[in-house]
Amino acid sequence: MKIFAIDTATKTCSIAITNNNMLLSETILQNSKTHSIHLMDIIYQMLKNLGITIHDIDAFAVTKGPGSFTGLRIGISSIKGLASATGKPVIGISTLDALSYQIPLTSYLICSILDARKGSVYFAKYIFENGVLKNKTEEQVLSPDEAICDITTPSIFIGDGAQSYKKEITSKLGKLACFLDPYFNIIRGYSVANLAFERLKKNDFDDLSLLKPYYIRKSEAELKKQCL
């Protein structure tokens, strides 16, 4: 089963195509331009290099949030367009779930943390139980101090928030805080595709018309509208 996956939730854009969890192709790009500038070109080139068309894809996956408001809209609208054109199923994946999925089996607490700007982070905790990764908290938007205030065990921090707030986290937690090489902090399309594959095996996919970004907090436009 071929799955086409996109992540545009952060500054990094990642696109992957897998076949039954085997990676066929993956592109990761980070620059200052909006993802919409290069997304379709990457998709076209990836399909061309593999010698397939978009109609050969069996399902589509995309990160639904939390993350950049603009980035999420670009990724989801692109995937919805492709899924609608081909009539194939679509699956929305949490960005924080995708990050935690990238950690190998460990006894440590896993903390997925994305920079939410304005001194806050998107945050969730995970742990392996009997070899299966489990959510330990709901996805939240918090200050870095609030996110780590109750951590008392060795913990792995992953995501661009781990990079942004490494100094603050280390100051509070000391040797309890573990950080990975920067490459691990990028949300990979491969991880998004594999999480989607697990859901597809259960015939669990999203209603195309209802799939939308999960922001957690309100956008600037919504906040300004409330103040009028």
# chains A, B, ... in the order shown; residues from 1 in each chain; ligands from 1
call {"tool": "closest_atom_pairs", "arguments": {"of": "range 23-121 of chain A", "to": "range 184-202 of chain A", "cutoff": "12 Å", "atoms": "only C-alpha atoms", "output": "JSON lines"}}
result
{"residue": "A:Leu23", "atom": "CA", "partner": "A:Tyr190", "partner_atom": "CA", "distance": 6.8}
{"residue": "A:Leu24", "atom": "CA", "partner": "A:Tyr190", "partner_atom": "CA", "distance": 9.4}
{"residue": "A:Ser25", "atom": "CA", "partner": "A:Tyr190", "partner_atom": "CA", "distance": 8.7}
{"residue": "A:Glu26", "atom": "CA", "partner": "A:Gly189", "partner_atom": "CA", "distance": 7.0}
{"residue": "A:Thr27", "atom": "CA", "partner": "A:Gly189", "partner_atom": "CA", "distance": 8.1}
{"residue": "A:Ile28", "atom": "CA", "partner": "A:Arg188", "partner_atom": "CA", "distance": 7.6}
{"residue": "A:Leu29", "atom": "CA", "partner": "A:Ile186", "partner_atom": "CA", "distance": 10.1}
{"residue": "A:Gln30", "atom": "CA", "partner": "A:Ile186", "partner_atom": "CA", "distance": 9.8}
{"residue": "A:Ile57", "atom": "CA", "partner": "A:Ala193", "partner_atom": "CA", "distance": 11.9}
{"residue": "A:Asp58", "atom": "CA", "partner": "A:Leu200", "partner_atom": "CA", "distance": 10.1}
{"residue": "A:Ala59", "atom": "CA", "partner": "A:Leu200", "partner_atom": "CA", "distance": 8.4}
{"residue": "A:Phe60", "atom": "CA", "partner": "A:Ala193", "partner_atom": "CA", "distance": 8.1}
{"residue": "A:Ala61", "atom": "CA", "partner": "A:Ala193", "partner_atom": "CA", "distance": 6.2}
{"residue": "A:Val62", "atom": "CA", "partner": "A:Val192", "partner_atom": "CA", "distance": 6.8}
{"residue": "A:Thr63", "atom": "CA", "partner": "A:Val192", "partner_atom": "CA", "distance": 7.0}
{"residue": "A:Lys64", "atom": "CA", "partner": "A:Val192", "partner_atom": "CA", "distance": 10.4}
{"residue": "A:Gly65", "atom": "CA", "partner": "A:Ile187", "partner_atom": "CA", "distance": 11.5}
{"residue": "A:Gly67", "atom": "CA", "partner": "A:Ile187", "partner_atom": "CA", "distance": 11.0}
{"residue": "A:Gly75", "atom": "CA", "partner": "A:Gly189", "partner_atom": "CA", "distance": 11.5}
{"residue": "A:Lys88", "atom": "CA", "partner": "A:Leu200", "partner_atom": "CA", "distance": 11.6}
{"residue": "A:Pro89", "atom": "CA", "partner": "A:Leu200", "partner_atom": "CA", "distance": 8.8}
{"residue": "A:Val90", "atom": "CA", "partner": "A:Ala196", "partner_atom": "CA", "distance": 8.7}
{"residue": "A:Ile91", "atom": "CA", "partner": "A:Ala196", "partner_atom": "CA", "distance": 6.2}
{"residue": "A:Gly92", "atom": "CA", "partner": "A:Ala196", "partner_atom": "CA", "distance": 7.8}
{"residue": "A:Ile93", "atom": "CA", "partner": "A:Val192", "partner_atom": "CA", "distance": 6.5}
{"residue": "A:Ser94", "atom": "CA", "partner": "A:Val192", "partner_atom": "CA", "distance": 8.5}
{"residue": "A:Thr95", "atom": "CA", "partner": "A:Ile187", "partner_atom": "CA", "distance": 7.2}
{"residue": "A:Leu96", "atom": "CA", "partner": "A:Ile187", "partner_atom": "CA", "distance": 8.7}
{"residue": "A:Asp97", "atom": "CA", "partner": "A:Leu195", "partner_atom": "CA", "distance": 8.5}
{"residue": "A:Ala98", "atom": "CA", "partner": "A:Ser191", "partner_atom": "CA", "distance": 5.7}
{"residue": "A:Leu99", "atom": "CA", "partner": "A:Ile187", "partner_atom": "CA", "distance": 5.7}
{"residue": "A:Ser100", "atom": "CA", "partner": "A:Ser191", "partner_atom": "CA", "distance": 9.3}
{"residue": "A:Tyr101", "atom": "CA", "partner": "A:Ser191", "partner_atom": "CA", "distance": 6.6}
{"residue": "A:Gln102", "atom": "CA", "partner": "A:Ser191", "partner_atom": "CA", "distance": 6.7}
{"residue": "A:Ile103", "atom": "CA", "partner": "A:Phe184", "partner_atom": "CA", "distance": 8.3}
{"residue": "A:Pro104", "atom": "CA", "partner": "A:Phe184", "partner_atom": "CA", "distance": 11.1}
{"residue": "A:Cys111", "atom": "CA", "partner": "A:Asn185", "partner_atom": "CA", "distance": 11.4}
{"residue": "A:Ser112", "atom": "CA", "partner": "A:Asn185", "partner_atom": "CA", "distance": 9.1}
{"residue": "A:Ile113", "atom": "CA", "partner": "A:Asn185", "partner_atom": "CA", "distance": 9.1}
{"residue": "A:Leu114", "atom": "CA", "partner": "A:Asn185", "partner_atom": "CA", "distance": 9.1}
{"residue": "A:Asp115", "atom": "CA", "partner": "A:Asn185", "partner_atom": "CA", "distance": 11.2}
call {"tool": "select_by_dssp", "arguments": {"residues": "range 69-220 of chain A", "states": "alpha helix (DSSP H)", "output": "number ranges by chain"}}
result
A: 69-86, 95-101, 144-148, 160-164, 166-173, 189-200, 220
call {"tool": "atom_distance", "arguments": {"atom1": "CA of Thr70 in chain A", "atom2": "CA of Lys11 in chain A"}}
result
10.5 Å
call {"tool": "residues_around", "arguments": {"residues": "Cys149 in chain A", "least_positions_apart": "2", "cutoff": "12 Å", "atoms": "only C-alpha atoms", "output": "list in words"}}
result
Leu142, Ser143, Pro144, Asp145, Glu146, Ala147, Ile151, Thr152, Thr153, Glu168, Ile169, Ser171, Lys172 and Leu173 of chain A
call {"tool": "select_by_dssp", "arguments": {"residues": "range 85-176 of chain A", "states": "strand (DSSP E)", "output": "PyMOL selection string"}}
result
chain A and resi 90-94+109-115+121-129+132-135+140-142+155-158
call {"tool": "write_last_selection", "arguments": {"atoms": "N, CA and C atoms", "output": "CSV table (one decimal), in the first residue's frame"}}
result
chain,number,residue,atom,x,y,z
A,90,VAL,N,-7.8,9.8,3.2
A,90,VAL,CA,-6.9,10.8,3.8
A,90,VAL,C,-6.9,10.6,5.3
A,91,ILE,N,-5.7,10.8,5.9
A,91,ILE,CA,-5.5,10.6,7.3
A,91,ILE,C,-4.7,11.8,7.9
A,92,GLY,N,-5.3,12.5,8.9
A,92,GLY,CA,-4.6,13.6,9.6
A,92,GLY,C,-3.8,13.0,10.8
A,93,ILE,N,-2.6,13.4,10.9
A,93,ILE,CA,-1.7,13.0,12.0
A,93,ILE,C,-1.2,14.1,12.9
A,94,SER,N,-1.2,13.9,14.2
A,94,SER,CA,-0.7,14.9,15.1
A,94,SER,C,0.8,15.2,14.9
A,109,LEU,N,10.9,9.1,29.6
A,109,LEU,CA,9.7,9.8,29.2
A,109,LEU,C,10.1,10.6,27.9
A,110,ILE,N,9.2,10.7,26.9
A,110,ILE,CA,9.4,11.4,25.7
A,110,ILE,C,8.6,12.7,25.7
A,111,CYS,N,9.2,13.8,25.5
A,111,CYS,CA,8.5,15.1,25.5
A,111,CYS,C,8.6,15.7,24.1
A,112,SER,N,7.5,15.7,23.4
A,112,SER,CA,7.4,16.4,22.1
A,112,SER,C,7.1,17.8,22.3
A,113,ILE,N,7.9,18.7,21.8
A,113,ILE,CA,7.8,20.1,22.1
A,113,ILE,C,8.1,21.0,20.8
A,114,LEU,N,7.1,21.8,20.4
A,114,LEU,CA,7.2,22.6,19.3
A,114,LEU,C,7.2,24.1,19.7
A,115,ASP,N,8.0,24.9,19.1
A,115,ASP,CA,8.0,26.4,19.5
A,115,ASP,C,6.7,27.0,18.9
A,121,VAL,N,5.0,27.0,24.1
A,121,VAL,CA,5.3,25.8,23.3
A,121,VAL,C,4.0,24.9,23.2
A,122,TYR,N,4.0,24.1,22.1
A,122,TYR,CA,3.0,23.0,22.0
A,122,TYR,C,3.7,21.8,22.6
A,123,PHE,N,3.0,21.1,23.4
A,123,PHE,CA,3.7,20.1,24.3
A,123,PHE,C,2.8,18.9,24.5
A,124,ALA,N,3.4,17.7,24.5
A,124,ALA,CA,2.8,16.5,25.0
A,124,ALA,C,3.8,15.5,25.4
A,125,LYS,N,3.4,14.6,26.3
A,125,LYS,CA,4.3,13.6,26.9
A,125,LYS,C,3.9,12.2,26.4
A,126,TYR,N,4.9,11.3,26.2
A,126,TYR,CA,4.7,10.0,25.7
A,126,TYR,C,5.6,9.0,26.5
A,127,ILE,N,5.2,7.8,26.5
A,127,ILE,CA,6.1,6.7,27.2
A,127,ILE,C,5.8,5.4,26.5
A,128,PHE,N,6.8,4.5,26.4
A,128,PHE,CA,6.6,3.2,25.9
A,128,PHE,C,6.0,2.3,27.0
A,129,GLU,N,4.9,1.6,26.8
A,129,GLU,CA,4.4,0.6,27.7
A,129,GLU,C,4.3,-0.7,27.0
A,132,VAL,N,4.9,-0.4,23.3
A,132,VAL,CA,3.9,0.4,22.5
A,132,VAL,C,4.0,1.8,23.0
A,133,LEU,N,4.1,2.8,22.1
A,133,LEU,CA,4.2,4.2,22.5
A,133,LEU,C,2.8,4.7,22.9
A,134,LYS,N,2.7,5.3,24.0
A,134,LYS,CA,1.4,5.8,24.5
A,134,LYS,C,1.4,7.2,24.9
A,135,ASN,N,0.3,7.9,24.6
A,135,ASN,CA,0.2,9.3,25.1
A,135,ASN,C,0.0,9.3,26.6
A,140,GLN,N,-1.1,20.3,24.6
A,140,GLN,CA,-1.3,21.6,25.2
A,140,GLN,C,-0.4,22.7,24.7
A,141,VAL,N,-0.9,23.9,24.9
A,141,VAL,CA,0.0,25.1,24.7
A,141,VAL,C,0.3,25.7,26.0
A,142,LEU,N,1.6,25.8,26.4
A,142,LEU,CA,2.1,26.2,27.7
A,142,LEU,C,3.3,27.0,27.6
A,155,SER,N,14.2,12.3,30.8
A,155,SER,CA,13.2,12.6,29.7
A,155,SER,C,14.0,13.1,28.4
A,156,ILE,N,13.5,12.6,27.3
A,156,ILE,CA,14.0,13.0,26.0
A,156,ILE,C,13.1,14.1,25.4
A,157,PHE,N,13.8,15.2,25.1
A,157,PHE,CA,13.0,16.3,24.4
A,157,PHE,C,13.3,16.3,22.9
A,158,ILE,N,12.2,16.4,22.2
A,158,ILE,CA,12.4,16.3,20.7
A,158,ILE,C,11.4,17.4,20.1
